[in-house]
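**Q** Mind having a look at this structure? Questions to follow.
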Amino acid sequence: MITYIIRRLFAAVVLLFIVSMITFAIFFVIPKLGGGTPETLASRYVGRAATAETVRLTAERLGFYDPIAVQYGNWLKGIFVGAYYDYGPAVDYCPAPCLGYSFRTNQPVLPDLLDRLPVTLSLASGAAILWLLAGISVGTLSALRKGSVLDRMSMGVALAGVSLPIFFTGLISLAFFSYQLGWTAPGGSYTPITENIGDWAYALLLPWITLAFQFSAQYARLTRAGMLETMNEDFIRTARAKGLVERKVVVKHGLRGALTPILTIFGLDIGLLLGGAVLTESAFSLKGLGQYAIDAIKNYDLPKVMGVTIMAAFFIVLANLVVDLLYAVVDPRVRTA
């Protein structure tokens with residue numbers, strides 16, 4: 001197991017390296033292939049009335065005249081040993097791990113990411129608990145009551161949840177539950193959990209429910225399909241033949257056997273959300289990593305985009321590693337194999 005974890009960690013480092021190279025190439029290599037010059041790139045970060053000399057000095061200050069390999073090497077070097085940046089009146093040192101300085105604000109990227117990370121973590125963790133509980137419970141009940149009114153109604157609601165986009169359900173729920181009824185906090189509200197846990201939960205309740213509604217629908221459908229398949233397996237008949245109570249047969253044997261695909265998709269979903277729930281954060285005006293990524297892309301701020309991309313890739317790789325390790329805990333068949 002230790003060898004497997006070490007091998008996966010090494011693969012994760014390689015993957016992050018490849019992701020960073022591709023992201024860097026999109027912002028620098030592709031514009032050059034389209035005829036872009038260092039001056040054209042630098043013109044994005046100066047005023048409209050800037051002179052040619054100002055544009056040239058900006059391009060030189062940002063390192064756009066250096067070869068692509070040198071630019072990427074300098075960015076990569078900052079992660080391991082830190083870097084010096086001359087973006088303001090003085091030379092600033094960014095200690096490792098340094099993800100660079102913003103081309104727009106001249107501020108280090110990593111502190112900004114860490115400042116917004118609690119918002120995204122709070123949103124993703126709360127919604128994940130809700131959609132797991134709701135999705136697995138509804139899917140299990142639907143499988144046990146196959147063909148019943150409950151089964152048809154729950155799968156109909158699940159189909160609606162999968163079909164409706166988050167920006168639609170988010171805005172509708174805000175207009176109705178927050179602005180009309182006043183039951184939930186308005187958009188843009190967020191209180192750190194360290195300040196007041198009640199206000200923190202109240203501000204995120206509607207985003208949690210809205211996000212969980214979409215994801216739990218998919219989990220309900222997957223759980224139902226997995227339970228229908230697992231409950232017809234030989235080991236389920238054996239468990240019943242031994243005289244086990246039905247609740248134990250369903251929960252301990254049936255549900256555990258159906259959780260493997262649920263764990264797989266949960267690792268992907270939670271990894272993506274920890275990298276920034278872009279649509280949800282935009283709909284509810286939450287200043288998390290997703291909103292940070294949108295602002296960075298709009299402003300063509302490469303260091304910010306690189307930072308968000310690396311953090312998102314890290315969370316996805318980490319979530320998948322944890323899921324792979326949980327397979328053996330959840331499903332005894334994996335341990336036997």
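Going by the structure tokens order, chains are called A, B, ..., each with residues numbered from 1, while ligands are numbered from 1 in the order shown.
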Identify, on the basis of only C-alpha atoms, every residue whose closest approach to Leu159 (chain A) does not exceed 10 Å; exclude the query and any residue fewer than 2 positions from it along the same chain; express the result as a list in words.
**A**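 My list of contacting residues is Met153, Ser154, Met155, Gly156, Val157, Gly161, Val162, Ser163, Leu164, Gln214, Ala217, Gln218, Ala220 and Arg221 of chain A.
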**Q** When you look at Tyr300 (chain A) with a cut-off of 10 Å (counting only C-alpha atoms), what residues show up, excluding the ones that are within fewer than 5 positions of it in the same chain? I need them as a PyMOL selection string.
**A** chain A and resi 27+41+44-45+103-104+294-295+305
**Q** Going by DSSP on the backbone, which residues of region 61-297 of chain A come out as alpha helix (DSSP H)? List them as a ChimeraX atom specification.
**A** /A:61,68-81,109-144,149-163,166-173,197-230,234-241,246-248,256-274,278-283,289-297
**Q** How many Å lie between CA of Thr191 (chain A) and CA of Val317 (chain A), rounded to one decimal?
**A** 29.1 Å
**Q** Which neighbours of Gln71 (chain A) fall inside 12 Å, counting only C-alpha atoms, when residues of the same chain fewer than 4 positions from it are skipped, and could you give them as a VMD selection string?
**A** chain A and resid 21 24 to 25 27 to 29 60 to 67 75 to 78 100 302 to 303
**Q** Show me, as a PyMOL selection string, the residues that have an atom within 8 Å of region 92-95 of chain A when counting only C-alpha atoms, minus same-chain residues fewer than 5 positions from it.
**A** chain A and resi 78+81-87+100+108
**Q** Kindly save the residues from that selection, with N, CA, C and O atoms included, as a PDB file, in the first residue's frame.
**A**
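Writing done, so here's part25.pdb:
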ATOM      1  N   GLY A  78      10.155  29.770  -8.929  1.00  0.00           N
ATOM      2  CA  GLY A  78       9.545  30.435  -7.777  1.00  0.00           C
ATOM      3  C   GLY A  78       8.827  29.476  -6.859  1.00  0.00           C
ATOM      4  O   GLY A  78       8.747  29.707  -5.641  1.00  0.00           O
ATOM      5  N   VAL A  81      12.080  27.641  -4.912  1.00  0.00           N
ATOM      6  CA  VAL A  81      13.085  28.429  -4.173  1.00  0.00           C
ATOM      7  C   VAL A  81      12.676  29.879  -3.977  1.00  0.00           C
ATOM      8  O   VAL A  81      13.423  30.653  -3.384  1.00  0.00           O
ATOM      9  N   GLY A  82      11.486  30.274  -4.460  1.00  0.00           N
ATOM     10  CA  GLY A  82      11.084  31.669  -4.356  1.00  0.00           C
ATOM     11  C   GLY A  82      11.604  32.499  -5.520  1.00  0.00           C
ATOM     12  O   GLY A  82      12.366  32.005  -6.363  1.00  0.00           O
ATOM     13  N   ALA A  83      11.205  33.749  -5.572  1.00  0.00           N
ATOM     14  CA  ALA A  83      11.604  34.612  -6.692  1.00  0.00           C
ATOM     15  C   ALA A  83      11.542  36.078  -6.277  1.00  0.00           C
ATOM     16  O   ALA A  83      10.836  36.444  -5.328  1.00  0.00           O
ATOM     17  N   TYR A  84      12.287  36.904  -7.006  1.00  0.00           N
ATOM     18  CA  TYR A  84      12.273  38.354  -6.818  1.00  0.00           C
ATOM     19  C   TYR A  84      11.470  38.990  -7.947  1.00  0.00           C
ATOM     20  O   TYR A  84      11.622  38.630  -9.119  1.00  0.00           O
ATOM     21  N   TYR A  85      10.615  39.958  -7.581  1.00  0.00           N
ATOM     22  CA  TYR A  85       9.773  40.612  -8.579  1.00  0.00           C
ATOM     23  C   TYR A  85       9.918  42.127  -8.466  1.00  0.00           C
ATOM     24  O   TYR A  85       9.796  42.698  -7.380  1.00  0.00           O
ATOM     25  N   ASP A  86      10.162  42.742  -9.620  1.00  0.00           N
ATOM     26  CA  ASP A  86      10.321  44.196  -9.682  1.00  0.00           C
ATOM     27  C   ASP A  86       9.082  44.785 -10.359  1.00  0.00           C
ATOM     28  O   ASP A  86       9.141  45.353 -11.439  1.00  0.00           O
ATOM     29  N   TYR A  87       7.939  44.651  -9.691  1.00  0.00           N
ATOM     30  CA  TYR A  87       6.685  45.125 -10.283  1.00  0.00           C
ATOM     31  C   TYR A  87       6.229  46.467  -9.721  1.00  0.00           C
ATOM     32  O   TYR A  87       5.274  47.046 -10.198  1.00  0.00           O
ATOM     33  N   GLY A 100       3.846  33.430  -8.175  1.00  0.00           N
ATOM     34  CA  GLY A 100       3.981  34.631  -8.980  1.00  0.00           C
ATOM     35  C   GLY A 100       3.210  35.813  -8.434  1.00  0.00           C
ATOM     36  O   GLY A 100       2.520  35.730  -7.416  1.00  0.00           O
ATOM     37  N   PRO A 108       1.127  39.281  -4.628  1.00  0.00           N
ATOM     38  CA  PRO A 108       1.406  37.843  -4.749  1.00  0.00           C
ATOM     39  C   PRO A 108       0.123  37.038  -4.882  1.00  0.00           C
ATOM     40  O   PRO A 108      -0.897  37.361  -4.262  1.00  0.00           O
TER      41      PRO A 108
END
**Q** Quick one: which region 147-225 of chain A residues come within 12 Å of region 274-293 of chain A, and what is the nearest atom pair for each with the distance in Å to one decimal, counting only C-alpha atoms, rows ordered by chain and ascending number, as CSV?
**A**
residue,atom,partner,partner_atom,distance
A:Pro165,CA,A:Leu279,CA,9.0
A:Ile166,CA,A:Thr280,CA,6.5
A:Phe167,CA,A:Ala283,CA,5.6
A:Phe168,CA,A:Ala283,CA,8.5
A:Thr169,CA,A:Ala283,CA,9.2
A:Gly170,CA,A:Ala283,CA,5.9
A:Leu171,CA,A:Ala283,CA,6.3
A:Ile172,CA,A:Ala283,CA,9.9
A:Ser173,CA,A:Phe284,CA,10.1
A:Leu174,CA,A:Phe284,CA,7.9
A:Ala175,CA,A:Phe284,CA,10.9
A:Ser178,CA,A:Phe284,CA,11.0
A:Thr184,CA,A:Phe284,CA,11.8
A:Ala185,CA,A:Phe284,CA,10.0
A:Pro186,CA,A:Phe284,CA,8.0
A:Gly187,CA,A:Phe284,CA,4.6
A:Gly188,CA,A:Ser285,CA,4.5
A:Ser189,CA,A:Leu286,CA,7.3
A:Tyr190,CA,A:Leu286,CA,7.3
A:Thr191,CA,A:Leu286,CA,10.8
A:Pro192,CA,A:Lys287,CA,12.0
A:Ala203,CA,A:Leu286,CA,10.1
A:Leu204,CA,A:Phe284,CA,9.3
A:Leu205,CA,A:Phe284,CA,11.2
A:Leu206,CA,A:Phe284,CA,8.9
A:Pro207,CA,A:Phe284,CA,7.0
A:Trp208,CA,A:Thr280,CA,9.4
A:Ile209,CA,A:Thr280,CA,11.0
A:Thr210,CA,A:Thr280,CA,8.4
A:Leu211,CA,A:Thr280,CA,7.1
A:Ala212,CA,A:Thr280,CA,10.9
A:Gln214,CA,A:Thr280,CA,10.9
**Q** As a PyMOL selection string, please: all residues of region 63-282 of chain A that backbone DSSP puts in strand (DSSP E).
**A** chain A and resi 83-85+92-94
**Q** May I ask which of the residues A:Asn106, A:Val138, A:Gly226, A:Ala49 is the closest one to Leu150 (chain A), counting only C-alpha atoms?
**A** A:Val138
**Q** Within 9 Å of Arg56 (chain A), counting only C-alpha atoms, which residues qualify if same-chain residues fewer than 6 places away don't, as number ranges by chain?
**A** A: 38-39, 42-43
**Q** When you draw a straight line from CA of Leu133 (chain A) to CA of Val323 (chain A), how long is it in Å?
**A**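 Those two atoms sit 17.5 Å apart.
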**Q** Which residues are near Gly267 (chain A)? Cut-off 6 Å, only C-alpha atoms, ignore same chain within fewer than 2 positions. Put them as a VMD selection string.
**A** chain A and resid 264 to 265 269 to 271 319 to 320 323
**Q** Write out as a list of chain:residue names which residues come within 12 Å of Asn232 (chain A) when counting only C-alpha atoms, dropping same-chain ones fewer than 6 positions away.
**A**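 Once the nearby chain positions are removed, what remains is A:Ala143, A:Leu144, A:Ala225, A:Gly226, A:Thr238, A:Ala239, A:Arg240, A:Val249, A:Val250, A:His253, A:Gly254, A:Gly257, A:Ala258.
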**Q** Find the distance between CA of Arg224 (chain A) and CA of Pro261 (chain A) and write it in Å to one decimal.
**A**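 According to the coordinates, CA of Arg224 (chain A) and CA of Pro261 (chain A) are separated by 11.5 Å.
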